[in-house]
file work-v2.txt (compact mmCIF, C-alpha atoms and all ligand atoms)
# COMPACT_ATOMS: atom_id res chain seq x y z
CA MET A 1 0.00 0.00 0.00
CA THR A 2 1.36 3.43 -0.95
CA THR A 3 1.91 5.67 2.06
CA THR A 4 0.82 9.29 2.46
CA GLN A 5 4.45 10.38 2.27
CA GLU A 6 4.97 8.54 -1.00
CA ILE A 7 1.80 10.02 -2.53
CA ILE A 8 2.83 13.53 -1.48
CA ALA A 9 6.38 13.05 -2.78
CA SER A 10 5.03 11.90 -6.14
CA HIS A 11 2.60 14.83 -6.23
CA GLU A 12 5.39 17.30 -5.64
CA GLN A 13 7.59 15.71 -8.26
CA HIS A 14 5.05 15.25 -11.05
CA MET A 15 2.26 17.79 -10.57
CA ILE A 16 2.01 21.54 -10.77
CA VAL A 17 1.71 22.55 -7.13
CA ASN A 18 -0.93 25.21 -7.82
CA LEU A 19 -2.30 25.41 -4.29
CA PRO A 20 -1.42 24.36 -0.74
CA ARG A 21 -2.79 21.02 0.47
CA TYR A 22 -2.95 19.41 3.88
CA PRO A 23 -0.44 16.56 4.27
CA ILE A 24 -3.23 13.98 4.10
CA ALA A 25 -3.79 11.47 1.30
CA VAL A 26 -7.34 10.15 1.19
CA VAL A 27 -7.84 6.69 -0.26
CA ARG A 28 -11.50 5.87 0.45
CA GLY A 29 -14.76 7.63 1.11
CA GLN A 30 -18.13 6.31 2.17
CA GLY A 31 -21.01 8.65 2.90
CA SER A 32 -19.58 11.32 5.20
CA LEU A 33 -16.51 9.39 6.28
CA LEU A 34 -13.05 9.47 4.73
CA LEU A 35 -10.10 7.16 5.27
CA ASP A 36 -6.50 8.21 4.71
CA ALA A 37 -3.65 6.03 3.47
CA GLU A 38 -2.71 5.02 7.03
CA GLY A 39 -6.29 4.16 7.97
CA LYS A 40 -7.15 7.29 9.98
CA GLU A 41 -10.84 8.15 9.75
CA TYR A 42 -12.21 11.66 9.22
CA VAL A 43 -15.76 12.96 9.50
CA ASP A 44 -16.25 15.02 6.35
CA LEU A 45 -18.27 18.17 7.02
CA PHE A 46 -17.01 19.85 3.85
CA ALA A 47 -17.78 17.19 1.28
CA GLY A 48 -15.41 17.83 -1.63
CA PHE A 49 -15.98 21.61 -1.65
CA GLY A 50 -19.68 20.89 -2.11
CA ALA A 51 -19.42 18.52 -5.04
CA PRO A 52 -20.23 15.05 -3.65
CA ILE A 53 -23.59 16.41 -2.51
CA LEU A 54 -24.89 12.90 -1.72
CA GLY A 55 -21.68 11.90 0.05
CA HIS A 56 -18.89 9.67 -1.09
CA CYS A 57 -19.73 6.63 -3.23
CA HIS A 58 -23.49 6.84 -2.76
CA PRO A 59 -24.82 3.38 -3.73
CA ASP A 60 -27.44 4.78 -6.15
CA LEU A 61 -24.85 6.91 -7.93
CA VAL A 62 -22.40 4.01 -8.06
CA ALA A 63 -25.19 1.91 -9.60
CA ALA A 64 -26.16 4.65 -12.07
CA VAL A 65 -22.62 5.23 -13.31
CA THR A 66 -21.79 1.49 -13.39
CA GLU A 67 -24.89 0.63 -15.37
CA GLN A 68 -24.25 3.48 -17.79
CA ALA A 69 -20.56 2.55 -18.08
CA LYS A 70 -21.58 -0.80 -19.50
CA LYS A 71 -23.95 0.79 -22.06
CA LEU A 72 -22.47 3.94 -23.54
CA TRP A 73 -19.93 6.56 -22.48
CA HIS A 74 -19.80 9.23 -25.13
CA VAL A 75 -20.73 9.73 -28.75
CA GLY A 76 -20.03 13.40 -29.36
CA ASN A 77 -22.65 16.05 -29.61
CA LEU A 78 -23.95 15.45 -33.11
CA LEU A 79 -26.05 12.52 -31.87
CA HIS A 80 -28.82 12.38 -29.30
CA THR A 81 -28.51 10.39 -26.06
CA GLU A 82 -31.08 9.92 -23.33
CA PRO A 83 -29.09 10.52 -20.11
CA GLN A 84 -28.55 14.22 -20.90
CA THR A 85 -32.26 14.74 -21.54
CA LEU A 86 -33.12 13.06 -18.22
CA ALA A 87 -30.62 15.24 -16.38
CA ALA A 88 -31.95 18.38 -18.06
CA GLN A 89 -35.56 17.39 -17.33
CA ALA A 90 -34.76 16.98 -13.64
CA ILE A 91 -33.08 20.40 -13.45
CA THR A 92 -35.86 22.25 -15.27
CA ARG A 93 -38.64 20.42 -13.42
CA HIS A 94 -37.23 21.30 -10.00
CA GLY A 95 -36.05 24.73 -11.07
CA PHE A 96 -37.68 27.56 -12.97
CA GLY A 97 -38.07 25.78 -16.30
CA GLY A 98 -35.77 27.05 -19.00
CA ARG A 99 -33.35 25.09 -21.14
CA VAL A 100 -30.05 23.54 -20.09
CA PHE A 101 -26.56 23.61 -21.57
CA PHE A 102 -24.17 21.12 -19.98
CA CYS A 103 -20.45 21.71 -19.52
CA HIS A 104 -17.79 20.68 -17.01
CA SER A 105 -17.47 23.08 -14.09
CA GLY A 106 -18.89 26.09 -12.35
CA ALA A 107 -16.53 28.42 -14.19
CA ASP A 108 -17.52 26.79 -17.45
CA ALA A 109 -21.22 27.35 -16.71
CA ASN A 110 -20.59 31.01 -15.88
CA GLU A 111 -18.44 31.37 -18.99
CA ALA A 112 -21.42 30.19 -21.04
CA ALA A 113 -23.74 32.59 -19.19
CA ILE A 114 -21.44 35.54 -19.84
CA LYS A 115 -21.13 34.66 -23.53
CA LEU A 116 -24.91 34.57 -23.65
CA THR A 117 -25.13 38.07 -22.15
CA ARG A 118 -22.88 39.35 -24.96
CA LEU A 119 -25.30 37.99 -27.57
CA TYR A 120 -28.27 39.40 -25.68
CA GLY A 121 -26.55 42.78 -25.39
CA LYS A 122 -25.93 42.87 -29.10
CA ALA A 123 -29.55 41.97 -29.88
CA HIS A 124 -30.80 44.54 -27.34
CA PRO A 125 -28.21 47.27 -27.75
CA GLY A 126 -30.14 50.05 -26.03
CA LYS A 127 -28.43 53.33 -26.84
CA THR A 128 -25.13 51.66 -27.77
CA ASP A 129 -23.89 50.71 -31.19
CA PRO A 130 -24.47 47.00 -31.89
CA ALA A 131 -21.52 47.08 -34.31
CA GLN A 132 -19.35 47.97 -31.30
CA GLY A 133 -20.70 45.01 -29.37
CA GLY A 134 -23.89 46.54 -28.00
CA ARG A 135 -24.26 46.33 -24.23
CA TYR A 136 -21.76 44.06 -22.49
CA LYS A 137 -21.13 45.27 -18.95
CA VAL A 138 -21.68 42.64 -16.28
CA ILE A 139 -22.25 43.78 -12.70
CA SER A 140 -21.24 41.42 -9.90
CA ALA A 141 -20.53 41.60 -6.20
CA THR A 142 -17.37 42.11 -4.22
CA ARG A 143 -16.26 38.94 -2.38
CA SER A 144 -18.13 36.90 -4.99
CA PHE A 145 -16.61 33.90 -6.70
CA HIS A 146 -17.62 32.94 -10.22
CA GLY A 147 -14.53 31.14 -11.49
CA ARG A 148 -10.97 31.62 -12.67
CA SER A 149 -11.37 31.54 -16.47
CA PHE A 150 -10.81 34.77 -18.40
CA ALA A 151 -14.51 35.58 -18.68
CA THR A 152 -15.24 34.71 -15.06
CA MET A 153 -12.19 36.31 -13.42
CA GLY A 154 -13.65 39.76 -14.06
CA ALA A 155 -16.94 38.79 -12.47
CA THR A 156 -15.22 37.22 -9.45
CA GLY A 157 -15.09 40.01 -6.89
CA GLN A 158 -11.75 39.02 -5.38
CA PRO A 159 -8.80 40.99 -6.80
CA ALA A 160 -6.29 38.28 -5.80
CA VAL A 161 -7.88 35.94 -8.37
CA ARG A 162 -7.01 38.41 -11.18
CA GLU A 163 -3.52 39.28 -10.02
CA GLY A 164 -0.93 38.86 -12.76
CA PHE A 165 -3.39 38.18 -15.57
CA ALA A 166 -3.82 41.62 -17.13
CA PRO A 167 -4.89 42.53 -19.72
CA LEU A 168 -8.26 41.23 -18.65
CA LEU A 169 -11.53 41.22 -20.56
CA PRO A 170 -13.25 44.59 -20.33
CA GLY A 171 -16.80 45.08 -19.14
CA TYR A 172 -16.95 44.06 -15.48
CA VAL A 173 -17.65 45.93 -12.31
CA ASN A 174 -17.79 44.52 -8.76
CA VAL A 175 -20.06 46.30 -6.28
CA GLU A 176 -21.09 45.72 -2.68
CA TYR A 177 -23.21 42.57 -2.16
CA ASN A 178 -26.72 42.97 -0.79
CA SER A 179 -26.91 46.64 -1.82
CA LEU A 180 -29.39 47.76 -4.45
CA PRO A 181 -28.02 51.34 -4.56
CA ALA A 182 -24.56 49.91 -5.34
CA ILE A 183 -26.02 48.23 -8.43
CA GLN A 184 -28.12 51.26 -9.36
CA ALA A 185 -24.99 53.39 -9.37
CA GLU A 186 -23.53 51.18 -12.11
CA LEU A 187 -26.53 51.25 -14.43
CA ASP A 188 -25.43 52.90 -17.62
CA ASP A 189 -25.84 52.40 -21.37
CA LEU A 190 -23.42 49.45 -21.36
CA ALA A 191 -24.89 47.39 -18.51
CA VAL A 192 -26.48 44.14 -19.70
CA ALA A 193 -26.47 41.71 -16.77
CA VAL A 194 -26.15 41.23 -13.05
CA ILE A 195 -24.62 38.03 -11.67
CA VAL A 196 -24.94 37.18 -7.98
CA GLU A 197 -24.78 34.15 -5.73
CA PRO A 198 -28.08 33.78 -3.82
CA ILE A 199 -25.85 33.12 -0.80
CA GLN A 200 -22.19 34.04 -1.16
CA GLY A 201 -20.03 30.97 -0.69
CA GLU A 202 -16.34 31.76 -1.02
CA GLY A 203 -17.15 35.17 0.47
CA GLY A 204 -17.88 33.39 3.77
CA VAL A 205 -21.51 32.13 3.65
CA ILE A 206 -23.08 35.59 3.39
CA LEU A 207 -26.89 35.68 3.26
CA PRO A 208 -28.71 38.56 1.58
CA ASP A 209 -31.55 40.51 3.19
CA ASP A 210 -34.90 39.00 2.25
CA SER A 211 -35.71 41.98 0.04
CA TYR A 212 -32.46 41.94 -1.96
CA LEU A 213 -33.02 39.32 -4.65
CA PRO A 214 -36.68 40.26 -5.37
CA ALA A 215 -35.67 43.94 -5.62
CA LEU A 216 -32.83 42.99 -7.94
CA ARG A 217 -35.31 41.16 -10.16
CA LYS A 218 -37.45 44.29 -10.38
CA LEU A 219 -34.44 46.45 -11.18
CA CYS A 220 -33.29 44.07 -13.91
CA ASP A 221 -36.77 44.12 -15.47
CA GLN A 222 -36.88 47.91 -15.40
CA HIS A 223 -33.50 48.20 -17.16
CA ASP A 224 -33.66 45.18 -19.47
CA LEU A 225 -30.79 43.43 -17.68
CA LEU A 226 -30.36 39.68 -17.51
CA LEU A 227 -30.37 38.41 -13.95
CA ILE A 228 -27.96 35.51 -13.43
CA PHE A 229 -27.96 33.47 -10.25
CA ASP A 230 -24.74 31.59 -9.72
CA GLU A 231 -25.97 28.52 -7.86
CA VAL A 232 -22.71 26.61 -8.09
CA TRP A 233 -22.58 26.45 -4.29
CA THR A 234 -26.25 26.80 -3.44
CA GLY A 235 -27.80 24.50 -6.04
CA CYS A 236 -28.98 20.89 -5.87
CA GLY A 237 -30.46 20.90 -2.38
CA ARG A 238 -27.52 22.33 -0.47
CA THR A 239 -29.62 25.01 1.29
CA GLY A 240 -32.76 22.92 1.83
CA ARG A 241 -34.41 23.92 -1.45
CA TYR A 242 -33.54 22.54 -4.85
CA PHE A 243 -31.96 25.88 -5.72
CA GLY A 244 -30.96 28.62 -3.29
CA HIS A 245 -33.00 31.38 -4.93
CA GLN A 246 -36.17 29.40 -4.18
CA HIS A 247 -36.00 30.68 -0.61
CA TRP A 248 -37.25 33.97 -2.05
CA PRO A 249 -40.04 34.80 -4.53
CA VAL A 250 -37.75 35.38 -7.47
CA THR A 251 -36.85 33.81 -10.81
CA PRO A 252 -33.60 34.42 -12.68
CA ASP A 253 -33.10 34.67 -16.43
CA ILE A 254 -30.08 32.40 -16.14
CA MET A 255 -28.95 30.00 -13.42
CA THR A 256 -25.55 28.35 -13.33
CA LEU A 257 -24.69 25.09 -11.60
CA GLY A 258 -21.51 23.21 -10.81
CA LYS A 259 -20.19 21.26 -7.82
CA GLY A 260 -23.22 19.26 -6.54
CA VAL A 261 -24.82 18.86 -9.96
CA GLY A 262 -22.16 16.27 -10.82
CA GLY A 263 -22.01 14.65 -7.40
CA GLY A 264 -18.22 14.57 -7.69
CA LEU A 265 -17.99 14.14 -11.46
CA PRO A 266 -17.09 17.21 -13.55
CA VAL A 267 -20.46 18.68 -14.51
CA GLY A 268 -21.49 22.28 -15.00
CA ALA A 269 -24.84 23.47 -16.26
CA MET A 270 -26.21 26.75 -17.49
CA VAL A 271 -29.98 27.04 -17.41
CA ALA A 272 -31.52 29.87 -19.41
CA GLY A 273 -35.11 31.07 -19.51
CA PRO A 274 -36.83 31.98 -22.79
CA ARG A 275 -35.57 35.57 -22.76
CA ALA A 276 -31.97 34.46 -23.06
CA ALA A 277 -31.90 30.85 -24.29
CA GLU A 278 -32.75 31.64 -27.91
CA TYR A 279 -29.42 33.41 -28.44
CA PHE A 280 -27.60 30.09 -28.10
CA ASP A 281 -30.13 28.32 -30.31
CA TYR A 282 -28.39 27.60 -33.59
CA ARG A 283 -31.75 27.75 -35.36
CA THR A 284 -32.15 31.41 -34.39
CA ALA A 285 -28.50 32.31 -34.79
CA ASN A 286 -27.95 30.25 -37.93
CA LEU A 287 -24.59 29.41 -36.43
CA VAL A 288 -23.22 27.35 -33.55
CA LYS A 289 -22.61 29.91 -30.80
CA HIS A 290 -21.40 27.68 -28.00
CA ALA A 291 -20.63 23.99 -27.57
CA THR A 292 -18.26 21.59 -25.88
CA THR A 293 -17.17 18.04 -26.68
CA LEU A 294 -17.62 16.24 -23.38
CA GLY A 295 -20.20 18.44 -21.65
CA ASN A 296 -23.01 15.94 -21.91
CA ASN A 297 -21.13 12.66 -21.62
CA CYS A 298 -23.41 9.80 -20.63
CA LEU A 299 -21.59 8.80 -17.44
CA SER A 300 -21.85 12.25 -15.86
CA MET A 301 -25.38 12.75 -17.09
CA ALA A 302 -26.56 9.43 -15.61
CA VAL A 303 -25.18 10.55 -12.26
CA THR A 304 -26.74 14.02 -12.49
CA ALA A 305 -30.17 12.55 -13.23
CA ALA A 306 -29.80 10.04 -10.37
CA ILE A 307 -28.86 12.79 -7.90
CA PHE A 308 -32.23 14.49 -8.37
CA GLN A 309 -34.08 11.16 -8.11
CA VAL A 310 -32.39 10.39 -4.80
CA ILE A 311 -32.98 13.89 -3.40
CA GLU A 312 -36.68 13.57 -4.18
CA ARG A 313 -37.09 9.91 -3.12
CA ASP A 314 -35.24 10.32 0.19
CA ASN A 315 -36.77 13.72 1.00
CA LEU A 316 -33.28 15.18 1.35
CA LEU A 317 -34.40 18.80 1.15
CA GLN A 318 -36.36 18.42 4.37
CA LYS A 319 -33.44 16.56 5.86
CA ALA A 320 -31.06 19.38 4.92
CA ARG A 321 -33.41 21.88 6.56
CA ASP A 322 -33.82 19.81 9.73
CA LEU A 323 -30.14 19.01 10.15
CA GLY A 324 -29.23 22.61 9.29
CA THR A 325 -31.55 23.88 12.02
CA HIS A 326 -30.06 21.35 14.45
CA ALA A 327 -26.47 22.38 13.62
CA LEU A 328 -27.26 26.09 13.75
CA GLY A 329 -28.90 25.60 17.15
CA ARG A 330 -25.80 23.89 18.53
CA LEU A 331 -23.47 26.49 17.05
CA GLN A 332 -25.60 29.39 18.28
CA ALA A 333 -25.50 27.97 21.80
CA LEU A 334 -21.72 27.75 21.47
CA ALA A 335 -21.47 31.31 20.17
CA ALA A 336 -23.56 32.57 23.10
CA GLN A 337 -20.96 31.19 25.55
CA ASN A 338 -17.80 31.79 23.54
CA PRO A 339 -16.63 35.34 22.71
CA ALA A 340 -14.19 33.90 20.16
CA VAL A 341 -17.21 32.96 18.00
CA LYS A 342 -18.63 36.17 16.56
CA SER A 343 -21.66 34.83 14.69
CA VAL A 344 -23.09 31.76 13.00
CA ARG A 345 -25.27 31.74 9.91
CA GLY A 346 -26.48 29.64 7.03
CA LYS A 347 -29.33 27.84 5.35
CA GLY A 348 -29.83 24.11 5.20
CA LEU A 349 -26.47 22.38 5.16
CA PHE A 350 -24.49 25.44 4.17
CA LEU A 351 -23.17 26.97 7.38
CA GLY A 352 -20.69 29.68 8.28
CA ILE A 353 -19.10 30.37 11.65
CA GLU A 354 -17.42 33.76 11.89
CA LEU A 355 -14.63 33.82 14.43
CA ASN A 356 -13.23 36.67 16.43
CA PRO A 357 -9.54 35.81 16.83
CA ASP A 358 -9.04 39.09 18.73
CA ALA A 359 -11.37 38.03 21.55
CA PRO A 360 -9.62 37.70 24.92
CA ASN A 361 -8.10 34.21 25.27
CA ALA A 362 -9.19 33.17 21.76
CA PRO A 363 -7.41 29.82 21.27
CA PHE A 364 -6.64 30.55 17.58
CA LYS A 365 -5.38 33.39 15.38
CA ALA A 366 -7.26 32.52 12.18
CA ALA A 367 -9.90 30.12 10.88
CA GLY A 368 -7.10 28.07 9.28
CA ASP A 369 -5.72 27.21 12.76
CA VAL A 370 -9.11 25.78 13.74
CA VAL A 371 -9.27 23.71 10.54
CA GLN A 372 -5.82 22.26 11.29
CA LYS A 373 -6.74 21.35 14.88
CA CYS A 374 -9.97 19.73 13.65
CA LEU A 375 -8.01 17.68 11.11
CA ASP A 376 -5.69 16.47 13.87
CA ARG A 377 -8.78 15.17 15.67
CA GLY A 378 -10.37 13.59 12.59
CA LEU A 379 -12.72 16.28 11.28
CA LEU A 380 -12.60 17.97 7.87
CA ILE A 381 -14.05 21.50 7.61
CA ASN A 382 -12.97 24.59 5.66
CA ALA A 383 -11.83 28.16 6.22
CA ALA A 384 -12.89 31.09 4.04
CA GLN A 385 -11.88 34.75 4.17
CA LYS A 386 -9.45 34.18 7.09
CA VAL A 387 -12.05 34.30 9.87
CA VAL A 388 -14.97 32.18 8.65
CA LEU A 389 -15.30 28.43 9.09
CA ARG A 390 -17.52 26.72 6.53
CA LEU A 391 -19.49 23.53 6.89
CA ALA A 392 -21.06 21.91 3.84
CA PRO A 393 -21.66 18.26 4.63
CA ALA A 394 -23.35 15.84 2.26
CA LEU A 395 -27.17 15.90 2.28
CA THR A 396 -27.02 12.23 3.24
CA ILE A 397 -25.11 12.77 6.48
CA THR A 398 -26.69 11.18 9.55
CA GLN A 399 -27.38 13.24 12.65
CA LYS A 400 -24.94 10.99 14.53
CA GLU A 401 -22.12 11.77 12.06
CA LEU A 402 -22.97 15.47 12.10
CA ASP A 403 -22.93 15.51 15.91
CA ARG A 404 -19.64 13.61 15.97
CA GLY A 405 -18.14 16.36 13.78
CA LEU A 406 -19.73 19.18 15.78
CA ASP A 407 -18.45 17.67 19.05
CA ILE A 408 -14.89 17.89 17.69
CA LEU A 409 -15.42 21.42 16.39
CA GLU A 410 -16.88 22.59 19.69
CA ALA A 411 -13.99 21.07 21.64
CA VAL A 412 -11.47 22.82 19.37
CA LEU A 413 -13.27 26.17 19.58
CA ARG A 414 -13.36 25.90 23.37
CA GLY A 415 -9.57 25.41 23.27
C1 LIG A 501 -20.33 30.37 -6.59
C2 LIG A 501 -19.25 29.74 -7.43
N1 LIG A 501 -19.31 29.88 -8.76
C3 LIG A 501 -18.40 29.32 -9.56
C4 LIG A 501 -17.35 28.60 -9.05
C5 LIG A 501 -16.34 27.98 -9.96
O1 LIG A 501 -16.60 26.62 -10.02
P1 LIG A 501 -15.46 25.60 -10.53
O2 LIG A 501 -14.41 25.57 -9.47
O3 LIG A 501 -16.19 24.31 -10.69
O4 LIG A 501 -14.97 26.14 -11.81
C6 LIG A 501 -17.24 28.44 -7.67
C7 LIG A 501 -16.13 27.67 -7.09
O5 LIG A 501 -15.94 27.59 -5.91
C8 LIG A 501 -18.21 29.02 -6.84
O6 LIG A 501 -18.16 28.93 -5.50
call {"tool": "encode", "arguments": {"input": "work-v2.txt", "output": "structure tokens", "more": "lines below"}}
Ligand SMILES: Cc1ncc(COP(=O)(O)O)c(C=O)c1O
result
Amino acid sequence: MTTTQEIIASHEQHMIVNLPRYPIAVVRGQGSLLLDAEGKEYVDLFAGFGAPILGHCHPDLVAAVTEQAKKLWHVGNLLHTEPQTLAAQAITRHGFGGRVFFCHSGADANEAAIKLTRLYGKAHPGKTDPAQGGRYKVISATRSFHGRSFATMGATGQPAVREGFAPLLPGYVNVEYNSLPAIQAELDDLAVAVIVEPIQGEGGVILPDDSYLPALRKLCDQHDLLLIFDEVWTGCGRTGRYFGHQHWPVTPDIMTLGKGVGGGLPVGAMVAGPRAAEYFDYRTANLVKHATTLGNNCLSMAVTAAIFQVIERDNLLQKARDLGTHALGRLQALAAQNPAVKSVRGKGLFLGIELNPDAPNAPFKAAGDVVQKCLDRGLLINAAQKVVLRLAPALTITQKELDRGLDILEAVLRG
């Protein structure tokens, strides 16, 4: 059996070391438990950055992908296959309708959405010259994350993501999240779309005021802007609804999915309502405007369709809400007694714990220190924005597993 040290040594010799990793090599996963190369067990309360939304190696997903693997993997996109239509049906049935374009990642889905806004802006140029590209400005939020590709870097409201990559694509502006006036101030002849996360993920699990998204919808209607909800984090049941925006009475023009929609396989999806979808329709455009070779491969699509079946069959939305309420209750009780915990927040199984490392006797300096101590004790969680801990367990986690993880976290936070 290869040891952790050997795996890490090989990684450092053969791979581009593009980000820091913990010195842990995971070899197996089942549900919400992980096993490293030396047999140490971890409770996983941050399931694969949100991707294995049904946990590791869910038996129904294993069955779906195995069965499909014996039938057909990929035929290219000039032929029809059924798995992609089943996956698309599930997404549109549980979402706001629309039509789906499948790709490989969250960034890829947002890339498609931004390309679509360019076509829309040209077809609806307002006072601008369509020959010059029509309207193309995309408004997004500071602390947002929409990806690291060239089109999405500008939308991502974190300057560090863009550092070193100039010249960037023009036509982006990042404004304060949860502020309508901040968006209004950017409405000019060039503005064509607003992209926001219904709950900011990488920004530190930031929830909007209840009025924000509905008011944004109204503003977009008044100014003929496309409203894009980036549901890469909040989609597929994570927050206790199929899609995060469904907590509010609001419908986007475009919704993007990644992470959970593939259950751990590389799937991205862009869903567009009738106002926008036609601009990618080759029959309208008389030209192929966007496509990708592997975006609808049968293996991934069989898994995506199965994910929605399992969520519905096992009532996992209710479970996410119940377990989320349970976890929030425990964390709120902890925060009430512990000045080093500033606040806790979240919806469903998407939870943030904001720390106050400056509190007297705080047993840590940053969220990263807490994550490390949790790992030492067999718990995997995540740190965002230096002072926020994030929990995003699989929707299939049992209350016992969740409590086992929260017991460790509480012990660490108490010092
Ligand atoms: C809200 C959001 N959108 C898009 C992305 C990019 O997704 P991917 O890493 O799959 O490209 C992320 C990644 O964390 C994200 O959180």
call {"tool": "residues_around", "arguments": {"input": "work-v2.txt", "residues": "Ala285 (chain A)", "least_positions_apart": "5", "cutoff": "12 Å", "atoms": "all atoms listed in the file", "output": "ChimeraX atom specification"}}
result
/A:116,119-120,123,277-280,290
call {"tool": "write_last_selection", "arguments": {"input": "work-v2.txt", "atoms": "C-alpha atoms", "output": "PDB file, in the coordinates of the input"}}
result
ATOM      1  CA  LEU A 116     -24.910  34.570 -23.650  1.00  0.00           C
ATOM      2  CA  LEU A 119     -25.300  37.990 -27.570  1.00  0.00           C
ATOM      3  CA  TYR A 120     -28.270  39.400 -25.680  1.00  0.00           C
ATOM      4  CA  ALA A 123     -29.550  41.970 -29.880  1.00  0.00           C
ATOM      5  CA  ALA A 277     -31.900  30.850 -24.290  1.00  0.00           C
ATOM      6  CA  GLU A 278     -32.750  31.640 -27.910  1.00  0.00           C
ATOM      7  CA  TYR A 279     -29.420  33.410 -28.440  1.00  0.00           C
ATOM      8  CA  PHE A 280     -27.600  30.090 -28.100  1.00  0.00           C
ATOM      9  CA  HIS A 290     -21.400  27.680 -28.000  1.00  0.00           C
TER      10      HIS A 290
END
call {"tool": "residues_around", "arguments": {"input": "work-v2.txt", "residues": "Gln309 (chain A)", "least_positions_apart": "5", "cutoff": "10 Å", "atoms": "all atoms listed in the file", "output": "count of residues only"}}
result
7
call {"tool": "atom_distance", "arguments": {"input": "work-v2.txt", "atom1": "CA of Phe165 (chain A)", "atom2": "CA of Phe150 (chain A)"}}
result
8.6 Å
call {"tool": "atom_distance", "arguments": {"input": "work-v2.txt", "atom1": "CA of Pro274 (chain A)", "atom2": "CA of Arg99 (chain A)"}}
result
7.9 Å
call {"tool": "closest_residue", "arguments": {"input": "work-v2.txt", "among": "A:Pro159, A:Gly264, A:Gly201, A:Pro20", "to": "Val62 (chain A)", "atoms": "all atoms listed in the file"}}
result
A:Gly264
call {"tool": "closest_residue", "arguments": {"input": "work-v2.txt", "among": "A:Ala37, A:Ala335, A:Ala109, A:Leu78", "to": "Ile228 (chain A)", "atoms": "all atoms listed in the file"}}
result
A:Ala109
call {"tool": "atom_distance", "arguments": {"input": "work-v2.txt", "atom1": "CA of Asn382 (chain A)", "atom2": "CA of Lys319 (chain A)"}}
result
22.0 Å
call {"tool": "closest_atom_pairs", "arguments": {"input": "work-v2.txt", "of": "chain A", "to": "ligand LIG 501 (chain A)", "cutoff": "7 Å", "atoms": "all atoms listed in the file", "output": "Markdown table"}}
result
| residue | atom | partner | partner_atom | distance |
| --- | --- | --- | --- | --- |
| A:Ser105 | CA | A:LIG501 | O3 | 3.8 |
| A:Gly106 | CA | A:LIG501 | O1 | 3.3 |
| A:Ala107 | CA | A:LIG501 | O4 | 3.6 |
| A:Asp108 | CA | A:LIG501 | O4 | 6.2 |
| A:Asn110 | CA | A:LIG501 | C3 | 6.9 |
| A:Phe145 | CA | A:LIG501 | C2 | 5.0 |
| A:His146 | CA | A:LIG501 | C3 | 3.8 |
| A:Gly147 | CA | A:LIG501 | C5 | 4.0 |
| A:Arg148 | CA | A:LIG501 | O4 | 6.8 |
| A:Glu197 | CA | A:LIG501 | C1 | 5.9 |
| A:Gln200 | CA | A:LIG501 | C1 | 6.8 |
| A:Gly201 | CA | A:LIG501 | O6 | 5.5 |
| A:Glu202 | CA | A:LIG501 | O6 | 5.6 |
| A:Asp230 | CA | A:LIG501 | C1 | 5.5 |
| A:Glu231 | CA | A:LIG501 | C1 | 6.1 |
| A:Val232 | CA | A:LIG501 | C1 | 4.7 |
| A:Trp233 | CA | A:LIG501 | C1 | 5.1 |
| A:Gly258 | CA | A:LIG501 | O3 | 5.4 |
| A:Lys259 | CA | A:LIG501 | O3 | 5.8 |
call {"tool": "closest_residue", "arguments": {"input": "work-v2.txt", "among": "A:Gly346, A:Gly76, A:Pro360, A:Gly235", "to": "Arg390 (chain A)", "atoms": "only C-alpha atoms"}}
result
A:Gly346
call {"tool": "closest_residue", "arguments": {"input": "work-v2.txt", "among": "A:Tyr42, A:Ser343, A:Asp189, A:Thr85", "to": "Asp129 (chain A)", "atoms": "only C-alpha atoms"}}
result
A:Asp189
call {"tool": "closest_residue", "arguments": {"input": "work-v2.txt", "among": "A:Arg238, A:Lys347, A:His58, A:Arg275", "to": "Leu207 (chain A)", "atoms": "only C-alpha atoms"}}
result
A:Lys347
call {"tool": "axis_aligned_box", "arguments": {"input": "work-v2.txt", "around": "region 20-34 of chain A", "padding_each_side": "3 Å", "output": "lines of an AutoDock Vina configuration file"}}
result
center_x = -10.7
center_y = 15.1
center_z = 2.8
size_x = 26.6
size_y = 24.5
size_z = 13.0
call {"tool": "closest_residue", "arguments": {"input": "work-v2.txt", "among": "A:Ser149, A:Gln30, A:Asn361, A:Asn286", "to": "Val43 (chain A)", "atoms": "only C-alpha atoms"}}
result
A:Gln30
call {"tool": "closest_atom_pairs", "arguments": {"input": "work-v2.txt", "of": "region 45-124 of chain A", "to": "region 135-139 of chain A", "cutoff": "7 Å", "atoms": "only C-alpha atoms", "output": "Markdown table"}}
result
| residue | atom | partner | partner_atom | distance |
| --- | --- | --- | --- | --- |
| A:Thr117 | CA | A:Tyr136 | CA | 6.9 |
| A:Arg118 | CA | A:Tyr136 | CA | 5.4 |
| A:Gly121 | CA | A:Arg135 | CA | 4.4 |
| A:Lys122 | CA | A:Arg135 | CA | 6.2 |
call {"tool": "residues_around", "arguments": {"input": "work-v2.txt", "residues": "Val371 (chain A)", "least_positions_apart": "5", "cutoff": "8 Å", "atoms": "all atoms listed in the file", "output": "MDAnalysis selection string"}}
result
chainID A and resid 380:383 389
call {"tool": "residues_around", "arguments": {"input": "work-v2.txt", "residues": "Val370 (chain A)", "least_positions_apart": "6", "cutoff": "8 Å", "atoms": "only C-alpha atoms", "output": "ChimeraX atom specification"}}
result
/A:364,412-413
call {"tool": "residues_around", "arguments": {"input": "work-v2.txt", "residues": "Pro23 (chain A)", "least_positions_apart": "5", "cutoff": "9 Å", "atoms": "all atoms listed in the file", "output": "JSON, numbers by chain"}}
result
{"A": [4, 5, 8]}
